[in-house]
Amino acid sequence: MRNAFVEEITRVSKKDKKIVILAGDIGYKLYDDFKLKFPHRFYNCGVAEANMTTVAAGLALKGFKPITYTIATFNVYKTVEQIKVDIAYPNLPVIIVGVGAGLSYSGLGSTHHATEDIGVLRSIPNLNIVVPADANELKSLLKAIIKSKKPTYLRIGKTGEKNIYKNIPKTKVGKGNYLIKGKKVCIIGCGNILANAYDSIKSLNSKNIFPSLISMHSIKPLDKTLLKRIFKSYSHIVVLEEHSEIGGLAAAISEFYTDNEFNKNLFLKINIGNQFVLKPGHQPQAFEKLNLNTKKIEQRIERFVKK
C-alpha cells in the first residue's frame, strides 16, 4: 500500500507543484523517483516527528500542500499536540500519512502497533480520518483528499496487502463504497483487514449466508446517509476494524446509531479488543491470535447470524 501511495503522489505532483513531502527518517529508497523528479520538494525531518508536523503547518500557511509521512505510531502519538494546535485549529490542508497502521508492524511489538490511533484523533475538530481498503481505493481517495484542502489523517498499511478492487474505483471522502451487495447481513469495515472479510464471504455464501460488504473508508466525515439505509435494510450489522474496540469505526457507528434511536438491529463488533497485543508474531499470526483471520471472521459471523 505504501508503494501505491508513493506512486500516486509522484504522479499527482507532476501537475501540482505545491505538494511537499516531509518524511520522519523513513522511505529512503521508496521516494527515490520522487526525489529525482522534485529534489526541492522532499525533506527528511529525521526522528523529530513533532517538529516535522509544525514545519508542515508553516508550509501550509505559505500556500503549500504538505504531507507528513512516517510510521503511524510515530506520526500520531508523538505529534498529537501539534496536529491539534498547529494543523487542525487553524484548519490547514496538511495530510498526515500513518504508514503501517494497525498491526502491519506486528513483529516489532507494542511500540509499533497503531491500534488506538483513530480513537486518539477522532475527537479533534476539523480533522478528517480516511482509511482505504486497498491500494486501488487509496489511489482514488488520495486525489479527493488533496482536493478537499482539509486536515486529514490518512491511515494506510505497509506492503503485500491484497487488493479487493480490480480497478481504481470512484470514491468520495465521506461516502462509503459497496464492495459486495448481499442480504440480511452487512459487514462494514475499513482498512486492509477488509480483505479477510472479503475472503470469508465465499465460504459464508456456501452456507446460504450472503453478507454485503462495505468499505467505510471515511471515519470522519462518516457517511450517515448510507448508514441510515443500512440500518433500515439489514437486521444484522458487523463492524470490522484493525483497531481497538474503543474510539474507532465501531464507536463512531454506535454513536450515530444511538443518536438516531434505531432499535431493531443486532450488532457484532470484530476488532482488536482493549489490551496490548503481546508476543504477537507477524501480522498473520497476530490475526489468528486475535480471531481476526479469514476463518475466524467466517465462524463469528456464522454464529452471529444464527442468533
# chains A, B, ... in the order shown; residues from 1 in each chain; ligands from 1
>>> select_by_dssp(residues="segment 45-199 of chain A", states="strand (DSSP E or B)", output="PyMOL selection string")
chain A and resi 65-71+95-99+102+114+128-130+152-155+172+175+177-180+185-189
>>> write_last_selection(atoms="N, CA, C and O atoms", output="tab-separated table (two decimals), in the first residue's frame")
chain	number	residue	atom	x	y	z
A	65	LYS	N	1.08	22.42	-0.05
A	65	LYS	CA	0.23	21.28	0.32
A	65	LYS	C	1.13	20.21	0.93
A	65	LYS	O	1.48	19.23	0.27
A	66	PRO	N	1.50	20.36	2.18
A	66	PRO	CA	2.46	19.44	2.80
A	66	PRO	C	1.83	18.12	3.20
A	66	PRO	O	0.67	18.05	3.60
A	67	ILE	N	2.65	17.07	3.10
A	67	ILE	CA	2.27	15.72	3.51
A	67	ILE	C	3.34	15.21	4.46
A	67	ILE	O	4.52	15.14	4.08
A	68	THR	N	2.97	14.87	5.68
A	68	THR	CA	3.93	14.25	6.59
A	68	THR	C	3.78	12.74	6.47
A	68	THR	O	2.67	12.22	6.38
A	69	TYR	N	4.91	12.04	6.51
A	69	TYR	CA	4.90	10.60	6.23
A	69	TYR	C	5.87	9.89	7.15
A	69	TYR	O	7.07	10.15	7.13
A	70	THR	N	5.32	9.02	7.98
A	70	THR	CA	6.16	8.12	8.76
A	70	THR	C	5.28	7.02	9.36
A	70	THR	O	4.06	6.99	9.12
A	71	ILE	N	5.88	6.11	10.12
A	71	ILE	CA	5.15	5.01	10.73
A	71	ILE	C	4.02	5.57	11.60
A	71	ILE	O	4.21	6.54	12.33
A	95	ILE	N	-1.81	16.78	5.07
A	95	ILE	CA	-2.15	15.36	5.07
A	95	ILE	C	-1.14	14.63	5.94
A	95	ILE	O	0.07	14.70	5.70
A	96	ILE	N	-1.62	13.95	6.97
A	96	ILE	CA	-0.78	13.20	7.89
A	96	ILE	C	-0.90	11.73	7.51
A	96	ILE	O	-1.95	11.12	7.71
A	97	VAL	N	0.14	11.17	6.94
A	97	VAL	CA	0.09	9.78	6.49
A	97	VAL	C	0.70	8.89	7.56
A	97	VAL	O	1.89	9.02	7.90
A	98	GLY	N	-0.11	7.99	8.10
A	98	GLY	CA	0.36	6.99	9.04
A	98	GLY	C	0.53	5.67	8.32
A	98	GLY	O	-0.46	5.02	7.98
A	99	VAL	N	1.77	5.28	8.04
A	99	VAL	CA	2.03	4.05	7.29
A	99	VAL	C	2.23	2.89	8.26
A	99	VAL	O	2.70	3.07	9.38
A	102	GLY	N	-2.45	-0.18	12.25
A	102	GLY	CA	-2.96	-1.43	12.79
A	102	GLY	C	-1.80	-2.30	13.27
A	102	GLY	O	-0.94	-1.87	14.01
A	114	ALA	N	-0.14	0.47	15.81
A	114	ALA	CA	-1.03	1.63	15.74
A	114	ALA	C	-2.47	1.13	15.81
A	114	ALA	O	-3.17	1.04	14.80
A	128	ASN	N	-10.20	15.29	9.30
A	128	ASN	CA	-10.79	14.12	8.65
A	128	ASN	C	-9.91	12.89	8.88
A	128	ASN	O	-8.70	13.02	9.04
A	129	ILE	N	-10.54	11.71	8.87
A	129	ILE	CA	-9.81	10.45	9.04
A	129	ILE	C	-10.25	9.50	7.93
A	129	ILE	O	-11.43	9.18	7.81
A	130	VAL	N	-9.28	9.05	7.12
A	130	VAL	CA	-9.57	8.22	5.94
A	130	VAL	C	-8.72	6.96	6.00
A	130	VAL	O	-7.50	7.03	6.20
A	152	THR	N	-6.15	16.10	7.20
A	152	THR	CA	-6.59	14.71	7.04
A	152	THR	C	-5.53	13.75	7.56
A	152	THR	O	-4.34	13.88	7.24
A	153	TYR	N	-5.99	12.78	8.35
A	153	TYR	CA	-5.14	11.65	8.72
A	153	TYR	C	-5.44	10.52	7.76
A	153	TYR	O	-6.56	10.01	7.71
A	154	LEU	N	-4.45	10.12	6.98
A	154	LEU	CA	-4.59	9.04	6.01
A	154	LEU	C	-3.88	7.82	6.58
A	154	LEU	O	-2.65	7.78	6.68
A	155	ARG	N	-4.67	6.82	6.95
A	155	ARG	CA	-4.17	5.63	7.65
A	155	ARG	C	-4.01	4.48	6.65
A	155	ARG	O	-5.00	3.98	6.11
A	172	LYS	N	-15.48	9.07	-2.97
A	172	LYS	CA	-15.58	10.42	-2.43
A	172	LYS	C	-15.31	10.35	-0.94
A	172	LYS	O	-15.75	9.41	-0.27
A	175	LYS	N	-18.11	9.22	1.71
A	175	LYS	CA	-19.09	8.33	1.07
A	175	LYS	C	-18.54	6.91	1.02
A	175	LYS	O	-17.56	6.65	0.34
A	177	ASN	N	-18.24	2.82	0.21
A	177	ASN	CA	-18.32	2.06	-1.04
A	177	ASN	C	-18.84	0.64	-0.80
A	177	ASN	O	-18.33	-0.07	0.07
A	178	TYR	N	-19.83	0.22	-1.58
A	178	TYR	CA	-20.25	-1.18	-1.58
A	178	TYR	C	-19.21	-2.00	-2.34
A	178	TYR	O	-18.89	-1.72	-3.49
A	179	LEU	N	-18.71	-3.04	-1.70
A	179	LEU	CA	-17.83	-3.99	-2.37
A	179	LEU	C	-18.60	-5.22	-2.83
A	179	LEU	O	-18.32	-5.79	-3.87
A	180	ILE	N	-19.56	-5.65	-2.00
A	180	ILE	CA	-20.44	-6.78	-2.31
A	180	ILE	C	-21.83	-6.42	-1.83
A	180	ILE	O	-21.98	-5.88	-0.73
A	185	VAL	N	-27.36	-9.56	6.23
A	185	VAL	CA	-26.15	-9.24	7.00
A	185	VAL	C	-25.33	-8.20	6.23
A	185	VAL	O	-25.13	-8.34	5.02
A	186	CYS	N	-24.85	-7.19	6.94
A	186	CYS	CA	-23.98	-6.19	6.31
A	186	CYS	C	-22.70	-6.04	7.13
A	186	CYS	O	-22.75	-5.74	8.32
A	187	ILE	N	-21.57	-6.28	6.48
A	187	ILE	CA	-20.26	-6.09	7.11
A	187	ILE	C	-19.76	-4.69	6.72
A	187	ILE	O	-19.63	-4.38	5.54
A	188	ILE	N	-19.52	-3.86	7.72
A	188	ILE	CA	-18.98	-2.52	7.49
A	188	ILE	C	-17.56	-2.52	8.06
A	188	ILE	O	-17.36	-2.85	9.23
A	189	GLY	N	-16.59	-2.17	7.25
A	189	GLY	CA	-15.23	-2.19	7.74
A	189	GLY	C	-14.39	-1.12	7.10
A	189	GLY	O	-14.85	-0.35	6.24
>>> residues_around(residues="Gly174 of chain A", least_positions_apart="3", cutoff="7 Å", atoms="only C-alpha atoms", output="short mmCIF file (atom, residue, chain, number, x, y, z; two decimals) with N, CA and C atoms, in the first residue's frame")
data_model
loop_
_atom_site.label_atom_id
_atom_site.label_comp_id
_atom_site.auth_asym_id
_atom_site.auth_seq_id
_atom_site.Cartn_x
_atom_site.Cartn_y
_atom_site.Cartn_z
N SER A 218 -14.11 6.45 5.07
CA SER A 218 -14.11 7.74 5.75
C SER A 218 -14.76 7.59 7.12
N LYS A 220 -14.18 9.98 9.48
CA LYS A 220 -14.58 11.38 9.61
C LYS A 220 -14.32 12.05 8.26
N PRO A 221 -15.35 12.58 7.59
CA PRO A 221 -16.76 12.53 7.95
C PRO A 221 -17.37 11.15 7.67
N LEU A 222 -18.28 10.74 8.52
CA LEU A 222 -18.94 9.44 8.40
C LEU A 222 -20.11 9.55 7.41
N ASP A 223 -20.32 8.51 6.64
CA ASP A 223 -21.42 8.50 5.66
C ASP A 223 -22.73 8.16 6.37
#
>>> atom_distance(atom1="atom CA of Ile164 of chain A", atom2="atom CA of Tyr198 of chain A")
7.6 Å
>>> residues_around(residues="Ile246 of chain A", least_positions_apart="6", cutoff="9 Å", atoms="only C-alpha atoms", output="ChimeraX atom specification")
/A:116,119,273-274
>>> select_by_dssp(residues="segment 72-156 of chain A", states="helix (DSSP H, G or I)", output="ChimeraX atom specification")
/A:72-76,80-88,106-108,110-112,117-121,135-148
>>> closest_residue(among="A:Phe256, A:Phe267, A:Tyr28, A:Phe276", to="Arg300 of chain A", atoms="only C-alpha atoms")
A:Phe267
>>> atom_distance(atom1="atom CA of Thr115 of chain A", atom2="atom CA of Arg229 of chain A")
28.8 Å
>>> residues_around(residues="Ala250 of chain A", least_positions_apart="3", cutoff="12 Å", atoms="only C-alpha atoms", output="NGL selection string")
:A and (118-119 or 187-190 or 216 or 219 or 222 or 237-247 or 253-257 or 267-273)
>>> closest_residue(among="A:Met1, A:Ala72, A:Leu292, A:Ile9", to="Ile26 of chain A", atoms="only C-alpha atoms")
A:Ala72
>>> closest_atom_pairs(of="segment 70-105 of chain A", to="segment 40-53 of chain A", cutoff="7 Å", atoms="only C-alpha atoms", output="tab-separated table")
residue	atom	partner	partner_atom	distance
A:Phe74	CA	A:Glu49	CA	6.8
A:Asn75	CA	A:Glu49	CA	6.4
A:Lys78	CA	A:Ala50	CA	6.2
A:Thr79	CA	A:Ala50	CA	4.7
A:Gln82	CA	A:Thr53	CA	6.3
A:Ile83	CA	A:Thr53	CA	6.9
>>> write_last_selection(atoms="C-alpha atoms", output="PDB file, in the first residue's frame")
ATOM      1  CA  PHE A  74       5.144   7.947  15.464  1.00  0.00           C
ATOM      2  CA  ASN A  75       3.017  10.200  13.252  1.00  0.00           C
ATOM      3  CA  LYS A  78       4.364  11.756  19.123  1.00  0.00           C
ATOM      4  CA  THR A  79       2.554  14.569  17.317  1.00  0.00           C
ATOM      5  CA  GLN A  82       0.941  19.641  17.033  1.00  0.00           C
ATOM      6  CA  ILE A  83      -1.830  18.034  14.974  1.00  0.00           C
TER       7      ILE A  83
END
>>> closest_residue(among="A:Asn167, A:Asn192, A:Asn260, A:Asn291", to="Leu227 of chain A", atoms="only C-alpha atoms")
A:Asn260
>>> atom_distance(atom1="atom CA of Tyr89 of chain A", atom2="atom CA of Ala251 of chain A")
23.6 Å
